[in-house]
Amino acid sequence: MAFTDLSNTQSMQLTNALQVWRGVGSARSATYAHRGSMKWRTINGTDYLLHVSPQGSQHSLGPRDPETEKVHDKFTKGKAESEARLKSLKEQLKQAIAVNRALRVGRVPNILIDVLNSIEKAGLKDHFMVIGTNALYAFEAQCAVRFDNDVVATLDLDILWDSRKSIKLAVTKKIQKEGLLGILKKADKSFELIDDQKYTAINSEGYMVDLIRPGDQDLMRDEGFPKSLSKLPEDFWAVKIPTADWLLSAPKFREVVVGVNGKMAEMITVDPRAYVIYKTWLSKKKDREPQKKGRDFAQAKAVADLIIQRMPHLDVSQIHALPFDLREQAKAHFPRE
């Protein structure tokens with residue numbers, strides 16, 4: 001078996017930590033809904049209720065009456081309660097992170113956690129998905145197990161950009177100022193692009209991040225697919241792989257992963273069933289490097305075993321996004337019905 005269970009203590013702590021982490025996210029949303037302030041202002045002898053945005057702009061909600069007084073009281077109470085709850089949960093999160101670290105609940109590289117959180121803070125989380133070896137961290141977190149070290153070891157992070165999705169204007173403005181490289185530098189300021197490989201950034205520890213995008217199946221054509229998030233001259237220039245469309249069309253898999261230092265981040269990756277199918281296909285490609293083919297097959301087998309033993313609710317036959325011949329190749333990993 002290519003994986004082992006976390007101890008009961010580790011598993012219980014993981015469950016508790018994830019509850020706190022999700023609670024912080026919920027509390028942040030509630031606080032965001034109460035952003036700004038409300039106040040009364042007298043104009044020509046009449047009191048008006050004003051909502052003041054975080055940027056200082058003001059919007060009148062109408063003259064004082066029983067309804068606007070209810071709006072004011074509800075907002076004021078809700079703001080105080082949401083801020084108090086967020087503050088409390090943040091303290092709980094600090095404790096959870098410390099216990100995660102002490103019990104060695106997580107083993108995801110800290111830099112990966114920092115990169116995922118930096119992308120989320122930039123508002124780009126739903127525009128990227130992790131593919132390749134690092135996806136295994138999400139699968140093992142879901143089942144409170146650990147894959148064998150030789151299956152997950154890597155210093156590369158492949159992120160697939162869904163360039164078909166439009167990005168919110170506010171996020172776009174931020175990207176034009178910083179670029180994706182600037183966002184990565186917030187995780188580790190030592191990240192720099194490789195001169196002759198603009199789709200790869202590398203930090204001082206040798207950790208590499210590759211930006212991948214979908215492209216036309218015809219390598220000579222590439223209409224309609226943007227190649228960079230920003231117009232900055234020194235930013236990522238995504239490399240296209242035609243098979244990226246298969247992965248973008250497959251169901252998504254979301255899970256919170258835990259770093260060596262106990263910190264947490266949400267990872268969006270491909271459904272484990274699609275992962276098995278795709279990795280099996282890679283392992284059989286004639287032009288695939290021999291050393292990679294063996295690892296591809298081992299990873300496909302490890303995830304297939306995890307699905308069979310810990311995620312039996314996932315019906316492999318329901319993955320239709322990948323071509324039929326790929327799905328047929330992967331059947332060898334699963335017992336016949």
# chains A, B, ... in the order shown; residues from 1 in each chain; ligands from 1

call {"tool": "residues_around", "arguments": {"residues": "Gly132 of chain A", "least_positions_apart": "2", "cutoff": "10 Å", "atoms": "only C-alpha atoms", "output": "list in words"}}
result
Val130, Asn134, Ala135, Leu136, Val152, Thr154, Asp156, Leu157, Asp158, Ile159, Leu160, Thr269, Val270, Tyr275, Tyr278, Lys279, Asp296 and Gln299 of chain A

call {"tool": "residues_around", "arguments": {"residues": "Arg107 of chain A", "least_positions_apart": "6", "cutoff": "8 Å", "atoms": "only C-alpha atoms", "output": "list in words"}}
result
Val258, Gly259 and Val260 of chain A

call {"tool": "write_last_selection", "arguments": {"atoms": "all heavy atoms", "output": "PDB file, in the first residue's frame"}}
result
ATOM      1  N   VAL A 258      -2.058  21.231   4.784  1.00  0.00           N
ATOM      2  CA  VAL A 258      -1.323  21.749   5.940  1.00  0.00           C
ATOM      3  C   VAL A 258       0.172  21.683   5.681  1.00  0.00           C
ATOM      4  O   VAL A 258       0.691  20.652   5.244  1.00  0.00           O
ATOM      5  CB  VAL A 258      -1.661  20.947   7.216  1.00  0.00           C
ATOM      6  CG1 VAL A 258      -0.974  21.573   8.436  1.00  0.00           C
ATOM      7  CG2 VAL A 258      -3.163  20.876   7.425  1.00  0.00           C
ATOM      8  N   GLY A 259       0.848  22.783   5.970  1.00  0.00           N
ATOM      9  CA  GLY A 259       2.283  22.851   5.762  1.00  0.00           C
ATOM     10  C   GLY A 259       3.080  22.284   6.921  1.00  0.00           C
ATOM     11  O   GLY A 259       2.549  22.014   8.000  1.00  0.00           O
ATOM     12  N   VAL A 260       4.370  22.124   6.690  1.00  0.00           N
ATOM     13  CA  VAL A 260       5.273  21.643   7.736  1.00  0.00           C
ATOM     14  C   VAL A 260       5.216  22.549   8.957  1.00  0.00           C
ATOM     15  O   VAL A 260       5.280  22.087  10.102  1.00  0.00           O
ATOM     16  CB  VAL A 260       6.716  21.564   7.189  1.00  0.00           C
ATOM     17  CG1 VAL A 260       7.703  21.217   8.296  1.00  0.00           C
ATOM     18  CG2 VAL A 260       6.802  20.539   6.058  1.00  0.00           C
TER      19      VAL A 260
END

call {"tool": "select_by_dssp", "arguments": {"residues": "segment 248-283 of chain A", "states": "alpha helix (DSSP H)", "output": "PyMOL selection string"}}
result
chain A and resi 248-249+272-283

call {"tool": "write_last_selection", "arguments": {"atoms": "all heavy atoms", "output": "short mmCIF file (atom, residue, chain, number, x, y, z; two decimals), in the first residue's frame"}}
result
data_model
loop_
_atom_site.label_atom_id
_atom_site.label_comp_id
_atom_site.auth_asym_id
_atom_site.auth_seq_id
_atom_site.Cartn_x
_atom_site.Cartn_y
_atom_site.Cartn_z
N LEU A 248 -8.92 20.93 -17.38
CA LEU A 248 -9.85 22.02 -17.04
C LEU A 248 -11.30 21.57 -17.16
O LEU A 248 -12.18 22.12 -16.48
CB LEU A 248 -9.60 23.22 -17.96
CG LEU A 248 -8.31 24.01 -17.70
CD1 LEU A 248 -8.13 25.09 -18.77
CD2 LEU A 248 -8.32 24.64 -16.32
N SER A 249 -11.56 20.59 -17.99
CA SER A 249 -12.93 20.12 -18.20
C SER A 249 -13.34 19.07 -17.16
O SER A 249 -14.53 18.81 -17.00
CB SER A 249 -13.07 19.51 -19.60
OG SER A 249 -12.80 20.48 -20.60
N PRO A 272 -9.47 13.34 -8.26
CA PRO A 272 -8.52 12.22 -8.20
C PRO A 272 -8.75 11.15 -9.26
O PRO A 272 -7.80 10.50 -9.71
CB PRO A 272 -8.71 11.66 -6.78
CG PRO A 272 -10.01 12.22 -6.30
CD PRO A 272 -10.16 13.54 -6.98
N ARG A 273 -10.00 10.96 -9.68
CA ARG A 273 -10.27 9.98 -10.73
C ARG A 273 -9.66 10.42 -12.06
O ARG A 273 -9.04 9.62 -12.79
CB ARG A 273 -11.78 9.79 -10.89
CG ARG A 273 -12.46 9.21 -9.67
CD ARG A 273 -13.96 9.36 -9.71
NE ARG A 273 -14.35 10.77 -9.60
CZ ARG A 273 -15.62 11.20 -9.58
NH1 ARG A 273 -16.61 10.32 -9.66
NH2 ARG A 273 -15.89 12.48 -9.47
N ALA A 274 -9.80 11.72 -12.36
CA ALA A 274 -9.19 12.26 -13.58
C ALA A 274 -7.67 12.22 -13.48
O ALA A 274 -6.98 12.02 -14.48
CB ALA A 274 -9.67 13.68 -13.82
N TYR A 275 -7.16 12.40 -12.26
CA TYR A 275 -5.71 12.34 -12.05
C TYR A 275 -5.18 10.96 -12.41
O TYR A 275 -4.15 10.83 -13.08
CB TYR A 275 -5.40 12.66 -10.59
CG TYR A 275 -3.93 12.80 -10.27
CD1 TYR A 275 -3.30 14.03 -10.35
CD2 TYR A 275 -3.18 11.69 -9.88
CE1 TYR A 275 -1.95 14.17 -10.04
CE2 TYR A 275 -1.83 11.82 -9.58
CZ TYR A 275 -1.22 13.06 -9.66
OH TYR A 275 0.13 13.17 -9.38
N VAL A 276 -5.87 9.92 -11.96
CA VAL A 276 -5.46 8.55 -12.28
C VAL A 276 -5.45 8.32 -13.79
O VAL A 276 -4.50 7.76 -14.35
CB VAL A 276 -6.39 7.53 -11.60
CG1 VAL A 276 -6.08 6.11 -12.07
CG2 VAL A 276 -6.25 7.61 -10.09
N ILE A 277 -6.50 8.78 -14.44
CA ILE A 277 -6.61 8.59 -15.89
C ILE A 277 -5.49 9.31 -16.61
O ILE A 277 -4.83 8.76 -17.50
CB ILE A 277 -7.99 9.07 -16.38
CG1 ILE A 277 -9.10 8.22 -15.78
CG2 ILE A 277 -8.06 9.04 -17.91
CD1 ILE A 277 -10.50 8.77 -15.99
N TYR A 278 -5.26 10.56 -16.24
CA TYR A 278 -4.26 11.38 -16.92
C TYR A 278 -2.85 10.85 -16.67
O TYR A 278 -2.03 10.76 -17.60
CB TYR A 278 -4.37 12.82 -16.42
CG TYR A 278 -3.49 13.80 -17.16
CD1 TYR A 278 -3.76 14.13 -18.49
CD2 TYR A 278 -2.39 14.40 -16.54
CE1 TYR A 278 -2.95 15.03 -19.18
CE2 TYR A 278 -1.59 15.30 -17.22
CZ TYR A 278 -1.87 15.61 -18.55
OH TYR A 278 -1.07 16.49 -19.22
N LYS A 279 -2.54 10.49 -15.43
CA LYS A 279 -1.21 9.99 -15.11
C LYS A 279 -0.95 8.64 -15.77
O LYS A 279 0.18 8.33 -16.17
CB LYS A 279 -1.03 9.89 -13.59
CG LYS A 279 -0.69 11.21 -12.92
CD LYS A 279 0.73 11.65 -13.27
CE LYS A 279 1.15 12.88 -12.51
NZ LYS A 279 2.57 13.21 -12.71
N THR A 280 -1.98 7.81 -15.89
CA THR A 280 -1.82 6.53 -16.58
C THR A 280 -1.48 6.77 -18.04
O THR A 280 -0.60 6.12 -18.62
CB THR A 280 -3.11 5.70 -16.47
OG1 THR A 280 -3.42 5.47 -15.09
CG2 THR A 280 -2.94 4.35 -17.17
N TRP A 281 -2.17 7.73 -18.64
CA TRP A 281 -1.89 8.06 -20.05
C TRP A 281 -0.46 8.56 -20.22
O TRP A 281 0.25 8.14 -21.15
CB TRP A 281 -2.89 9.12 -20.52
CG TRP A 281 -2.59 9.68 -21.88
CD1 TRP A 281 -2.80 9.07 -23.08
CD2 TRP A 281 -2.01 10.96 -22.16
NE1 TRP A 281 -2.39 9.88 -24.11
CE2 TRP A 281 -1.90 11.06 -23.58
CE3 TRP A 281 -1.59 12.03 -21.39
CZ2 TRP A 281 -1.38 12.18 -24.21
CZ3 TRP A 281 -1.08 13.15 -22.00
CH2 TRP A 281 -0.98 13.22 -23.40
N LEU A 282 -0.03 9.45 -19.30
CA LEU A 282 1.35 9.95 -19.38
C LEU A 282 2.36 8.81 -19.28
O LEU A 282 3.39 8.82 -19.97
CB LEU A 282 1.61 10.95 -18.25
CG LEU A 282 1.03 12.36 -18.41
CD1 LEU A 282 1.32 13.19 -17.16
CD2 LEU A 282 1.60 13.06 -19.65
N SER A 283 2.06 7.84 -18.43
CA SER A 283 3.01 6.74 -18.21
C SER A 283 3.15 5.85 -19.44
O SER A 283 4.10 5.08 -19.54
CB SER A 283 2.57 5.89 -17.02
OG SER A 283 1.44 5.10 -17.34
#

call {"tool": "residues_around", "arguments": {"residues": "Gly262 of chain A", "least_positions_apart": "4", "cutoff": "12 Å", "atoms": "only C-alpha atoms", "output": "list in words"}}
result
Gln10, Gln13, Leu14, Ala17, Leu18, Trp21, Leu93, Lys94, Gln95, Ala96, Ile97, Ala98, Val99, Asn100, Arg101, Ala102, Leu103, Arg104, Val105, Gly106, Arg107, Val108, Pro109, Asn110, Ile113, Asp114, Val256, Val257 and Val258 of chain A

call {"tool": "write_last_selection", "arguments": {"atoms": "N, CA and C atoms", "output": "JSON list (two decimals), in the first residue's frame"}}
result
[["chain", "number", "residue", "atom", "x", "y", "z"],
["A", 10, "GLN", "N", -3.20, 12.86, 15.35],
["A", 10, "GLN", "CA", -2.99, 13.74, 14.20],
["A", 10, "GLN", "C", -4.28, 13.94, 13.43],
["A", 13, "GLN", "N", -6.62, 16.25, 15.29],
["A", 13, "GLN", "CA", -6.14, 17.62, 15.22],
["A", 13, "GLN", "C", -6.39, 18.21, 13.83],
["A", 14, "LEU", "N", -6.19, 17.40, 12.79],
["A", 14, "LEU", "CA", -6.45, 17.87, 11.43],
["A", 14, "LEU", "C", -7.91, 18.29, 11.28],
["A", 17, "ALA", "N", -8.44, 21.55, 13.25],
["A", 17, "ALA", "CA", -7.78, 22.68, 12.60],
["A", 17, "ALA", "C", -8.55, 23.14, 11.37],
["A", 18, "LEU", "N", -9.06, 22.19, 10.62],
["A", 18, "LEU", "CA", -9.82, 22.55, 9.41],
["A", 18, "LEU", "C", -11.12, 23.27, 9.78],
["A", 21, "TRP", "N", -10.09, 26.78, 10.59],
["A", 21, "TRP", "CA", -9.67, 27.47, 9.36],
["A", 21, "TRP", "C", -10.90, 27.91, 8.55],
["A", 93, "LEU", "N", -7.02, 30.04, 15.54],
["A", 93, "LEU", "CA", -6.24, 29.57, 14.40],
["A", 93, "LEU", "C", -4.75, 29.55, 14.73],
["A", 94, "LYS", "N", -4.29, 30.56, 15.44],
["A", 94, "LYS", "CA", -2.88, 30.59, 15.85],
["A", 94, "LYS", "C", -2.54, 29.36, 16.69],
["A", 95, "GLN", "N", -3.44, 29.02, 17.59],
["A", 95, "GLN", "CA", -3.23, 27.85, 18.44],
["A", 95, "GLN", "C", -3.25, 26.57, 17.60],
["A", 96, "ALA", "N", -4.19, 26.51, 16.65],
["A", 96, "ALA", "CA", -4.29, 25.32, 15.81],
["A", 96, "ALA", "C", -3.03, 25.12, 14.97],
["A", 97, "ILE", "N", -2.50, 26.22, 14.46],
["A", 97, "ILE", "CA", -1.26, 26.15, 13.67],
["A", 97, "ILE", "C", -0.11, 25.63, 14.53],
["A", 98, "ALA", "N", -0.03, 26.12, 15.76],
["A", 98, "ALA", "CA", 1.03, 25.68, 16.67],
["A", 98, "ALA", "C", 0.91, 24.18, 16.98],
["A", 99, "VAL", "N", -0.31, 23.72, 17.19],
["A", 99, "VAL", "CA", -0.52, 22.29, 17.48],
["A", 99, "VAL", "C", -0.25, 21.46, 16.23],
["A", 100, "ASN", "N", -0.67, 21.95, 15.07],
["A", 100, "ASN", "CA", -0.36, 21.26, 13.81],
["A", 100, "ASN", "C", 1.14, 21.02, 13.69],
["A", 101, "ARG", "N", 1.89, 22.06, 13.99],
["A", 101, "ARG", "CA", 3.34, 21.98, 13.88],
["A", 101, "ARG", "C", 3.91, 21.00, 14.91],
["A", 102, "ALA", "N", 3.42, 21.08, 16.12],
["A", 102, "ALA", "CA", 3.94, 20.22, 17.19],
["A", 102, "ALA", "C", 3.65, 18.74, 16.93],
["A", 103, "LEU", "N", 2.47, 18.46, 16.39],
["A", 103, "LEU", "CA", 2.07, 17.07, 16.13],
["A", 103, "LEU", "C", 2.48, 16.59, 14.74],
["A", 104, "ARG", "N", 3.10, 17.46, 13.98],
["A", 104, "ARG", "CA", 3.52, 17.12, 12.60],
["A", 104, "ARG", "C", 2.35, 16.63, 11.76],
["A", 105, "VAL", "N", 1.27, 17.40, 11.86],
["A", 105, "VAL", "CA", 0.06, 17.05, 11.11],
["A", 105, "VAL", "C", 0.27, 17.26, 9.61],
["A", 106, "GLY", "N", 1.02, 18.30, 9.23],
["A", 106, "GLY", "CA", 1.22, 18.60, 7.82],
["A", 106, "GLY", "C", 2.63, 18.33, 7.35],
["A", 107, "ARG", "N", 2.75, 18.08, 6.07],
["A", 107, "ARG", "CA", 4.09, 17.92, 5.49],
["A", 107, "ARG", "C", 4.21, 18.60, 4.13],
["A", 108, "VAL", "N", 3.23, 19.46, 3.81],
["A", 108, "VAL", "CA", 3.30, 20.21, 2.56],
["A", 108, "VAL", "C", 4.41, 21.26, 2.68],
["A", 109, "PRO", "N", 5.25, 21.42, 1.66],
["A", 109, "PRO", "CA", 6.31, 22.44, 1.74],
["A", 109, "PRO", "C", 5.73, 23.81, 2.09],
["A", 110, "ASN", "N", 6.37, 24.51, 3.00],
["A", 110, "ASN", "CA", 5.87, 25.81, 3.44],
["A", 110, "ASN", "C", 5.72, 26.78, 2.28],
["A", 113, "ILE", "N", 2.39, 26.38, 0.55],
["A", 113, "ILE", "CA", 1.32, 27.00, 1.33],
["A", 113, "ILE", "C", 1.33, 28.51, 1.11],
["A", 114, "ASP", "N", 2.51, 29.11, 1.15],
["A", 114, "ASP", "CA", 2.62, 30.56, 0.99],
["A", 114, "ASP", "C", 2.19, 31.00, -0.41],
["A", 256, "VAL", "N", -8.25, 21.62, 1.92],
["A", 256, "VAL", "CA", -7.30, 22.42, 2.69],
["A", 256, "VAL", "C", -6.10, 21.54, 3.03],
["A", 257, "VAL", "N", -4.91, 22.03, 2.73],
["A", 257, "VAL", "CA", -3.70, 21.28, 3.00],
["A", 257, "VAL", "C", -2.90, 22.00, 4.09],
["A", 258, "VAL", "N", -2.06, 21.23, 4.78],
["A", 258, "VAL", "CA", -1.32, 21.75, 5.94],
["A", 258, "VAL", "C", 0.17, 21.68, 5.68]]

call {"tool": "residues_around", "arguments": {"residues": "Gly23 of chain A", "least_positions_apart": "4", "cutoff": "12 Å", "atoms": "only C-alpha atoms", "output": "list of chain:residue names"}}
result
A:Asn16, A:Ala17, A:Leu18, A:Gln19, A:Ala27, A:Arg28, A:Ser29, A:Ala30, A:Ser82, A:Arg85, A:Leu86, A:Lys87, A:Ser88, A:Leu89, A:Lys90, A:Glu91, A:Gln92, A:Leu93

call {"tool": "write_last_selection", "arguments": {"atoms": "N, CA, C and O atoms", "output": "mmCIF file, in the first residue's frame"}}
result
data_model
loop_
_atom_site.group_PDB
_atom_site.id
_atom_site.type_symbol
_atom_site.label_atom_id
_atom_site.label_comp_id
_atom_site.auth_asym_id
_atom_site.auth_seq_id
_atom_site.Cartn_x
_atom_site.Cartn_y
_atom_site.Cartn_z
ATOM 1 N N ASN A 16 -9.998 19.239 13.670
ATOM 2 C CA ASN A 16 -10.237 20.448 14.461
ATOM 3 C C ASN A 16 -9.657 21.690 13.789
ATOM 4 O O ASN A 16 -10.285 22.756 13.758
ATOM 5 N N ALA A 17 -8.441 21.546 13.254
ATOM 6 C CA ALA A 17 -7.778 22.678 12.602
ATOM 7 C C ALA A 17 -8.547 23.138 11.370
ATOM 8 O O ALA A 17 -8.678 24.344 11.116
ATOM 9 N N LEU A 18 -9.065 22.194 10.617
ATOM 10 C CA LEU A 18 -9.824 22.554 9.412
ATOM 11 C C LEU A 18 -11.119 23.265 9.782
ATOM 12 O O LEU A 18 -11.551 24.185 9.072
ATOM 13 N N GLN A 19 -11.738 22.861 10.870
ATOM 14 C CA GLN A 19 -12.960 23.544 11.312
ATOM 15 C C GLN A 19 -12.660 24.993 11.667
ATOM 16 O O GLN A 19 -13.422 25.902 11.301
ATOM 17 N N ALA A 27 -16.066 33.865 8.986
ATOM 18 C CA ALA A 27 -16.091 35.107 9.761
ATOM 19 C C ALA A 27 -15.584 36.282 8.933
ATOM 20 O O ALA A 27 -16.094 37.398 9.052
ATOM 21 N N ARG A 28 -14.589 36.042 8.095
ATOM 22 C CA ARG A 28 -14.090 37.107 7.224
ATOM 23 C C ARG A 28 -15.185 37.572 6.268
ATOM 24 O O ARG A 28 -15.320 38.761 5.998
ATOM 25 N N SER A 29 -15.946 36.626 5.746
ATOM 26 C CA SER A 29 -17.041 36.981 4.835
ATOM 27 C C SER A 29 -18.079 37.836 5.546
ATOM 28 O O SER A 29 -18.593 38.812 4.985
ATOM 29 N N ALA A 30 -18.397 37.466 6.794
ATOM 30 C CA ALA A 30 -19.369 38.237 7.574
ATOM 31 C C ALA A 30 -18.838 39.642 7.856
ATOM 32 O O ALA A 30 -19.572 40.627 7.788
ATOM 33 N N SER A 82 -19.432 40.385 14.270
ATOM 34 C CA SER A 82 -18.585 39.715 13.285
ATOM 35 C C SER A 82 -17.106 39.989 13.542
ATOM 36 O O SER A 82 -16.263 39.096 13.388
ATOM 37 N N ARG A 85 -16.069 37.921 16.573
ATOM 38 C CA ARG A 85 -15.961 36.494 16.218
ATOM 39 C C ARG A 85 -14.692 36.242 15.417
ATOM 40 O O ARG A 85 -13.993 35.250 15.644
ATOM 41 N N LEU A 86 -14.397 37.135 14.480
ATOM 42 C CA LEU A 86 -13.192 36.964 13.673
ATOM 43 C C LEU A 86 -11.948 37.034 14.551
ATOM 44 O O LEU A 86 -11.015 36.227 14.387
ATOM 45 N N LYS A 87 -11.921 37.972 15.476
ATOM 46 C CA LYS A 87 -10.767 38.107 16.365
ATOM 47 C C LYS A 87 -10.573 36.843 17.196
ATOM 48 O O LYS A 87 -9.442 36.346 17.351
ATOM 49 N N SER A 88 -11.671 36.289 17.711
ATOM 50 C CA SER A 88 -11.596 35.075 18.512
ATOM 51 C C SER A 88 -11.098 33.899 17.686
ATOM 52 O O SER A 88 -10.236 33.121 18.131
ATOM 53 N N LEU A 89 -11.631 33.758 16.476
ATOM 54 C CA LEU A 89 -11.243 32.634 15.625
ATOM 55 C C LEU A 89 -9.799 32.754 15.153
ATOM 56 O O LEU A 89 -9.110 31.748 14.989
ATOM 57 N N LYS A 90 -9.328 33.964 14.945
ATOM 58 C CA LYS A 90 -7.925 34.143 14.567
ATOM 59 C C LYS A 90 -6.996 33.667 15.677
ATOM 60 O O LYS A 90 -5.938 33.082 15.408
ATOM 61 N N GLU A 91 -7.386 33.914 16.920
ATOM 62 C CA GLU A 91 -6.590 33.430 18.048
ATOM 63 C C GLU A 91 -6.618 31.904 18.100
ATOM 64 O O GLU A 91 -5.590 31.262 18.359
ATOM 65 N N GLN A 92 -7.798 31.333 17.835
ATOM 66 C CA GLN A 92 -7.900 29.876 17.795
ATOM 67 C C GLN A 92 -7.062 29.299 16.660
ATOM 68 O O GLN A 92 -6.458 28.227 16.798
ATOM 69 N N LEU A 93 -7.021 30.038 15.541
ATOM 70 C CA LEU A 93 -6.243 29.566 14.397
ATOM 71 C C LEU A 93 -4.750 29.554 14.726
ATOM 72 O O LEU A 93 -4.028 28.623 14.338
#

call {"tool": "select_by_dssp", "arguments": {"residues": "segment 33-256 of chain A", "states": "strand (DSSP E)", "output": "number ranges by chain"}}
result
A: 37-43, 46-52, 58-63, 128-131, 145-147, 156-161, 192-194, 197-202, 208-213, 239-240, 252-256

call {"tool": "residues_around", "arguments": {"residues": "Trp40 of chain A", "least_positions_apart": "5", "cutoff": "8 Å", "atoms": "only C-alpha atoms", "output": "list in words"}}
result
Asp47, Tyr48, Leu49 and Leu50 of chain A
